[in-house]
>>> print(open('final07.cif').read())   # mmCIF, C-alpha atoms
data_protein
loop_
_atom_site.label_atom_id
_atom_site.label_comp_id
_atom_site.auth_asym_id
_atom_site.auth_seq_id
_atom_site.Cartn_x
_atom_site.Cartn_y
_atom_site.Cartn_z
CA MET N 1 -9.06 32.89 -42.43
CA ILE N 2 -9.24 29.20 -41.51
CA LYS N 3 -6.05 29.57 -39.50
CA ASN N 4 -7.48 32.57 -37.65
CA CYS N 5 -10.68 30.64 -36.94
CA LEU N 6 -8.77 27.64 -35.66
CA ALA N 7 -6.64 29.92 -33.55
CA ARG N 8 -9.73 31.50 -32.03
CA ILE N 9 -11.23 28.06 -31.39
CA GLY N 10 -7.98 26.92 -29.83
CA CYS N 11 -7.78 29.96 -27.57
CA LEU N 12 -11.42 29.57 -26.62
CA SER N 13 -10.85 25.90 -25.82
CA MET N 14 -7.91 26.76 -23.61
CA VAL N 15 -9.95 29.40 -21.79
CA LEU N 16 -12.77 26.89 -21.26
CA ILE N 17 -10.34 24.26 -20.00
CA VAL N 18 -8.76 26.71 -17.56
CA VAL N 19 -12.16 27.93 -16.32
CA ALA N 20 -13.52 24.40 -16.01
CA GLY N 21 -10.36 23.23 -14.27
CA GLY N 22 -10.51 26.18 -11.90
CA TRP N 23 -14.12 25.30 -11.07
CA TRP N 24 -13.49 21.57 -10.70
CA PHE N 25 -10.47 22.05 -8.44
CA ARG N 26 -11.74 25.22 -6.75
CA ASP N 27 -11.47 23.73 -3.26
CA ASP N 28 -7.89 22.65 -3.83
CA ILE N 29 -6.98 26.04 -5.27
CA ALA N 30 -8.46 27.70 -2.20
CA ASP N 31 -6.32 25.37 -0.07
CA TRP N 32 -3.21 26.33 -2.05
CA LEU N 33 -3.85 29.96 -1.21
CA GLN N 34 -4.15 29.19 2.51
CA ARG N 35 -0.62 28.33 3.53
CA LEU N 36 -0.14 26.47 6.79
CA GLU N 37 2.21 27.84 9.41
CA ILE N 38 2.60 27.62 13.15
CA THR N 39 2.32 31.04 14.74
CA SER N 40 2.15 30.31 18.48
CA ALA N 41 4.75 27.70 19.39
CA SER N 42 5.26 26.90 23.07
CA ARG N 43 8.57 26.65 24.88
CA PRO N 44 9.20 23.04 25.97
CA SER N 45 10.65 21.95 29.30
CA GLU N 46 11.78 18.66 30.78
CA GLN N 47 9.49 19.25 33.76
CA LEU N 48 6.42 19.60 31.52
CA ALA N 49 7.47 16.52 29.55
CA ALA N 50 7.73 14.49 32.77
CA ARG N 51 4.34 15.74 33.96
CA ALA N 52 2.66 14.95 30.63
CA SER N 53 4.29 11.49 30.51
CA GLU N 54 3.02 10.75 34.02
CA LYS N 55 -0.49 11.86 33.00
CA LEU N 56 -0.48 9.50 30.01
CA GLU N 57 0.93 6.56 31.97
CA THR N 58 -1.66 7.01 34.70
CA PHE N 59 -4.47 7.45 32.18
CA ALA N 60 -3.58 4.13 30.55
CA THR N 61 -4.08 2.22 33.82
CA PRO N 62 -7.47 0.88 35.00
CA ALA N 63 -7.49 3.29 37.93
CA GLY N 64 -6.16 6.21 35.93
CA GLY N 65 -9.35 8.25 35.76
CA ASP N 66 -11.84 8.99 33.03
CA GLU N 67 -10.25 12.02 31.39
CA ILE N 68 -6.91 13.62 30.61
CA ALA N 69 -6.15 17.07 29.18
CA LEU N 70 -2.80 18.05 27.68
CA SER N 71 -1.91 21.67 27.05
CA GLN N 72 0.02 22.86 24.00
CA ALA N 73 3.11 23.37 26.18
CA GLU N 74 2.83 19.80 27.51
CA LEU N 75 2.40 18.40 23.99
CA GLN N 76 5.41 20.39 22.76
CA SER N 77 7.49 19.12 25.68
CA LEU N 78 6.50 15.54 24.91
CA LEU N 79 7.51 16.02 21.28
CA THR N 80 10.85 17.62 22.14
CA TYR N 81 11.99 15.42 25.02
CA ARG N 82 10.21 12.11 24.43
CA ALA N 83 9.25 11.77 20.76
CA GLU N 84 12.07 13.53 18.88
CA PRO N 85 14.82 11.10 20.00
CA LEU N 86 12.68 8.27 18.56
CA LEU N 87 11.90 9.94 15.23
CA PRO N 88 13.43 8.60 11.99
CA GLU N 89 16.78 10.06 11.00
CA GLY N 90 15.22 12.30 8.35
CA VAL N 91 12.67 13.96 10.67
CA SER N 92 13.63 16.62 13.22
CA ASP N 93 12.50 19.72 15.11
CA PRO N 94 8.83 18.78 15.68
CA VAL N 95 6.54 21.64 16.68
CA VAL N 96 2.85 21.52 17.68
CA GLU N 97 0.13 24.14 17.82
CA VAL N 98 -3.35 23.57 19.30
CA ARG N 99 -6.07 25.54 17.51
CA ASP N 100 -9.85 25.87 17.99
CA SER N 101 -10.67 22.32 16.90
CA THR N 102 -7.52 21.03 15.24
CA VAL N 103 -3.86 20.31 15.96
CA VAL N 104 -1.11 21.51 13.63
CA LEU N 105 2.19 19.62 13.52
CA SER N 106 5.38 20.76 11.83
CA ALA N 107 8.78 19.11 11.37
CA ARG N 108 11.89 19.43 9.27
CA VAL N 109 12.18 16.57 6.79
CA ASP N 110 15.41 15.54 5.05
CA PRO N 111 14.86 13.11 2.15
CA GLN N 112 18.27 11.55 2.75
CA GLY N 113 16.97 10.01 5.98
CA LEU N 114 13.60 8.74 4.75
CA GLU N 115 14.68 5.43 3.26
CA GLY N 116 12.21 2.76 4.32
CA LEU N 117 9.77 5.32 5.72
CA ALA N 118 8.07 6.42 2.50
CA SER N 119 7.97 5.22 -1.10
CA GLN N 120 10.65 6.58 -3.41
CA GLU N 121 7.98 8.21 -5.61
CA VAL N 122 6.57 10.21 -2.69
CA ILE N 123 10.06 11.29 -1.62
CA GLU N 124 11.01 12.43 -5.12
CA ARG N 125 7.76 14.34 -5.68
CA LEU N 126 7.54 16.09 -2.32
CA PHE N 127 11.12 16.31 -1.11
CA PRO N 128 13.65 17.08 -3.82
CA ASP N 129 15.49 18.76 -0.93
CA SER N 130 14.95 19.15 2.81
CA ALA N 131 11.70 20.95 3.60
CA GLN N 132 9.44 22.00 6.44
CA VAL N 133 6.37 19.75 6.49
CA VAL N 134 3.20 21.03 8.14
CA VAL N 135 -0.01 19.04 8.64
CA GLU N 136 -3.34 20.05 10.17
CA LEU N 137 -5.16 17.24 11.97
CA TRP N 138 -8.72 16.98 13.24
CA PRO N 139 -8.91 14.48 16.14
CA GLY N 140 -11.97 12.37 16.93
CA VAL N 141 -13.25 8.89 17.76
CA VAL N 142 -14.89 6.44 15.36
CA SER N 143 -16.22 4.31 18.21
CA PRO N 144 -15.00 3.61 21.78
CA GLY N 145 -11.44 2.38 21.54
CA ILE N 146 -10.84 3.62 17.98
CA PRO N 147 -9.42 7.16 17.99
CA ARG N 148 -8.63 8.77 14.67
CA VAL N 149 -7.30 11.93 13.08
CA GLU N 150 -8.30 13.33 9.71
CA VAL N 151 -5.69 15.12 7.62
CA LEU N 152 -7.28 18.43 6.68
CA LYS N 153 -4.22 20.03 5.09
CA LEU N 154 -0.71 18.93 4.20
CA GLN N 155 2.12 21.17 3.11
CA ALA N 156 5.70 20.35 2.16
CA GLY N 157 7.89 23.42 1.89
CA SER N 158 6.10 25.82 -0.43
CA ILE N 159 3.88 23.06 -1.85
CA VAL N 160 0.37 22.78 -0.44
CA VAL N 161 -0.61 19.23 -1.36
CA PRO N 162 -3.98 18.97 -3.16
CA SER N 163 -6.53 17.06 -1.07
CA LEU N 164 -6.93 14.46 -3.83
CA MET N 165 -3.26 13.46 -3.38
CA VAL N 166 -3.33 13.11 0.42
CA PRO N 167 -4.73 9.51 0.51
CA TRP N 168 -2.04 8.35 -1.94
CA ILE N 169 0.68 9.92 0.23
CA LEU N 170 -0.67 8.44 3.47
CA GLU N 171 -0.84 4.97 1.92
CA SER N 172 2.78 5.31 0.81
CA ILE N 173 4.16 6.09 4.29
CA GLU N 174 5.19 3.37 6.73
CA MET N 175 3.45 4.05 10.07
CA PRO N 176 3.65 1.02 12.40
CA GLY N 177 0.44 0.55 14.36
CA VAL N 178 -1.42 3.15 12.32
CA GLU N 179 -3.92 2.32 9.58
CA SER N 180 -5.10 4.78 6.94
CA THR N 181 -8.26 5.05 4.88
CA GLY N 182 -8.51 8.05 2.59
CA VAL N 183 -7.52 11.06 4.69
CA THR N 184 -8.22 9.28 7.99
CA LEU N 185 -5.56 7.75 10.24
CA PHE N 186 -6.68 5.21 12.86
CA LEU N 187 -4.46 5.43 15.94
CA PRO N 188 -3.47 2.80 18.53
CA SER N 189 -5.45 3.29 21.74
CA PRO N 190 -4.43 2.81 25.41
CA GLY N 191 -7.99 1.62 26.13
CA ARG N 192 -11.60 2.38 25.30
CA VAL N 193 -11.05 6.05 24.44
CA SER N 194 -14.49 7.57 23.84
CA ARG N 195 -13.49 11.19 23.34
CA PHE N 196 -10.47 12.61 21.55
CA THR N 197 -10.88 16.28 20.79
CA VAL N 198 -9.62 19.81 21.22
CA ASP N 199 -11.34 21.68 24.03
CA GLY N 200 -10.21 25.25 24.48
CA ASP N 201 -6.44 25.18 24.24
CA GLN N 202 -6.05 21.54 25.29
CA LEU N 203 -6.12 18.13 23.68
CA VAL N 204 -8.61 16.03 25.63
CA LEU N 205 -8.94 12.24 25.86
CA GLU N 206 -11.80 10.57 27.73
CA MET N 207 -12.03 6.88 28.56
CA ALA N 208 -15.30 4.96 28.22
CA GLY N 209 -16.55 2.62 30.92
CA ASN N 210 -15.82 -1.08 30.76
CA GLU N 211 -19.46 -1.98 30.20
CA ASP N 212 -20.70 -2.29 26.61
#
>>> encode(input="final07.cif", output="structure tokens")
Amino acid sequence: MIKNCLARIGCLSMVLIVVAGGWWFRDDIADWLQRLEITSASRPSEQLAARASEKLETFATPAGGDEIALSQAELQSLLTYRAEPLLPEGVSDPVVEVRDSTVVLSARVDPQGLEGLASQEVIERLFPDSAQVVVELWPGVVSPGIPRVEVLKLQAGSIVVPSLMVPWILESIEMPGVESTGVTLFLPSPGRVSRFTVDGDQLVLEMAGNED
């Protein structure tokens, strides 16, 4: 009888733990069920990459204008023809998708080429083998000259990373010129960028005036 009672108490405790855990981590569980994937990739071209590069170079000059808008096709062309040759050995095939208010990036990651880029613990936990990594970013500006992106979701292969783990992962990755706090990444700026957002199907940057 005592054994049966203890068994019932044990089962009840397990049920309570599972229910409480499900409630406590309900947001993360919801995230796990919402897998990230890029569904509308654009075809890159060298011409679009050259046009986008010229836009950025002009925008970074004092007489470059107050605003620049880059389409998804231009961003994809920049990634393919300008950024990919500079990526670490273990990162390849970058793809971008512009959504309503966020930007989704995807790339193939091979743990064999990540030495010096991320801590060994992060590599072992997330990349026991090569995997497709997908991240959803929300762009914005903290104050003029300080653009940032917030990591809304991060997925490595079939693993959707719980939001509580994202800050630990970001702190463990070497990103020259980029600082991280929690889920926020502070980006280097070509000037006093006052607006960094998604507008329609374009990524928009706006430069503030020189006056304070």
>>> resolve_selection(input="final07.cif", expression="the PyMOL selection byres ((chain N and resi 192) around 8)", output="list in words")
Pro144, Gly145, Ile146, Ser189, Pro190, Gly191, Val193, Ser194, Met207, Ala208, Gly209 and Asn210 of chain N
>>> write_last_selection(input="final07.cif", atoms="C-alpha atoms", output="mmCIF file, keeping the file's coordinate frame")
data_model
loop_
_atom_site.group_PDB
_atom_site.id
_atom_site.type_symbol
_atom_site.label_atom_id
_atom_site.label_comp_id
_atom_site.auth_asym_id
_atom_site.auth_seq_id
_atom_site.Cartn_x
_atom_site.Cartn_y
_atom_site.Cartn_z
ATOM 1 C CA PRO N 144 -15.000 3.610 21.780
ATOM 2 C CA GLY N 145 -11.440 2.380 21.540
ATOM 3 C CA ILE N 146 -10.840 3.620 17.980
ATOM 4 C CA SER N 189 -5.450 3.290 21.740
ATOM 5 C CA PRO N 190 -4.430 2.810 25.410
ATOM 6 C CA GLY N 191 -7.990 1.620 26.130
ATOM 7 C CA VAL N 193 -11.050 6.050 24.440
ATOM 8 C CA SER N 194 -14.490 7.570 23.840
ATOM 9 C CA MET N 207 -12.030 6.880 28.560
ATOM 10 C CA ALA N 208 -15.300 4.960 28.220
ATOM 11 C CA GLY N 209 -16.550 2.620 30.920
ATOM 12 C CA ASN N 210 -15.820 -1.080 30.760
#
>>> resolve_selection(input="final07.cif", expression="the PyMOL selection byres ((chain N and resi 174) around 8)", output="PDB file with C-alpha atoms, in the frame of the given file")
ATOM      1  CA  GLY N 116      12.210   2.760   4.320  1.00  0.00           C
ATOM      2  CA  LEU N 117       9.770   5.320   5.720  1.00  0.00           C
ATOM      3  CA  ALA N 118       8.070   6.420   2.500  1.00  0.00           C
ATOM      4  CA  GLU N 171      -0.840   4.970   1.920  1.00  0.00           C
ATOM      5  CA  SER N 172       2.780   5.310   0.810  1.00  0.00           C
ATOM      6  CA  ILE N 173       4.160   6.090   4.290  1.00  0.00           C
ATOM      7  CA  MET N 175       3.450   4.050  10.070  1.00  0.00           C
ATOM      8  CA  PRO N 176       3.650   1.020  12.400  1.00  0.00           C
TER       9      PRO N 176
END
>>> atom_distance(input="final07.cif", atom1="CA of Glu206 (chain N)", atom2="CA of Val149 (chain N)")
15.4 Å
>>> closest_residue(input="final07.cif", among="N:Gln72, N:Leu86, N:Val178, N:Leu36", to="Gln155 (chain N)", atoms="all atoms listed in the file")
N:Leu36
>>> atom_distance(input="final07.cif", atom1="CA of Phe127 (chain N)", atom2="CA of Val103 (chain N)")
23.1 Å
>>> closest_residue(input="final07.cif", among="N:Gln132, N:Thr184, N:Gln76, N:Thr61", to="Glu46 (chain N)", atoms="all atoms listed in the file")
N:Gln76
>>> closest_residue(input="final07.cif", among="N:Gln202, N:Ser143, N:Thr197, N:Ser92", to="Ser106 (chain N)", atoms="only C-alpha atoms")
N:Ser92
>>> closest_residue(input="final07.cif", among="N:Pro139, N:Arg51, N:Phe59, N:Arg99", to="Thr39 (chain N)", atoms="only C-alpha atoms")
N:Arg99
>>> residues_around(input="final07.cif", residues="Tyr81 (chain N)", least_positions_apart="5", cutoff="12 Å", atoms="all atoms listed in the file", output="JSON list (two decimals) with C-alpha atoms, keeping the file's coordinate frame")
[["chain", "number", "residue", "atom", "x", "y", "z"],
["N", 43, "ARG", "CA", 8.57, 26.65, 24.88],
["N", 44, "PRO", "CA", 9.20, 23.04, 25.97],
["N", 45, "SER", "CA", 10.65, 21.95, 29.30],
["N", 46, "GLU", "CA", 11.78, 18.66, 30.78],
["N", 47, "GLN", "CA", 9.49, 19.25, 33.76],
["N", 48, "LEU", "CA", 6.42, 19.60, 31.52],
["N", 49, "ALA", "CA", 7.47, 16.52, 29.55],
["N", 50, "ALA", "CA", 7.73, 14.49, 32.77],
["N", 51, "ARG", "CA", 4.34, 15.74, 33.96],
["N", 52, "ALA", "CA", 2.66, 14.95, 30.63],
["N", 53, "SER", "CA", 4.29, 11.49, 30.51],
["N", 73, "ALA", "CA", 3.11, 23.37, 26.18],
["N", 74, "GLU", "CA", 2.83, 19.80, 27.51],
["N", 75, "LEU", "CA", 2.40, 18.40, 23.99],
["N", 76, "GLN", "CA", 5.41, 20.39, 22.76],
["N", 86, "LEU", "CA", 12.68, 8.27, 18.56],
["N", 87, "LEU", "CA", 11.90, 9.94, 15.23],
["N", 92, "SER", "CA", 13.63, 16.62, 13.22],
["N", 93, "ASP", "CA", 12.50, 19.72, 15.11],
["N", 94, "PRO", "CA", 8.83, 18.78, 15.68],
["N", 95, "VAL", "CA", 6.54, 21.64, 16.68]]
>>> closest_residue(input="final07.cif", among="N:Val183, N:Val141, N:Leu164, N:Leu203", to="Glu97 (chain N)", atoms="only C-alpha atoms")
N:Leu203
>>> atom_distance(input="final07.cif", atom1="CA of Phe186 (chain N)", atom2="CA of Arg148 (chain N)")
4.4 Å
>>> closest_residue(input="final07.cif", among="N:Val160, N:Val91, N:Val204, N:Leu114", to="Pro147 (chain N)", atoms="only C-alpha atoms")
N:Val204
>>> resolve_selection(input="final07.cif", expression="the PyMOL selection byres ((chain N and resi 157) around 12)", output="number ranges by chain")
N: 35-37, 106-110, 125-135, 154-156, 158-161
>>> axis_aligned_box(input="final07.cif", around="region 63-72 of chain N", padding_each_side="3 Å", output="AutoDock Vina command-line options")
--center_x -5.9 --center_y 13.1 --center_z 31.0 --size_x 17.9 --size_y 25.6 --size_z 19.9
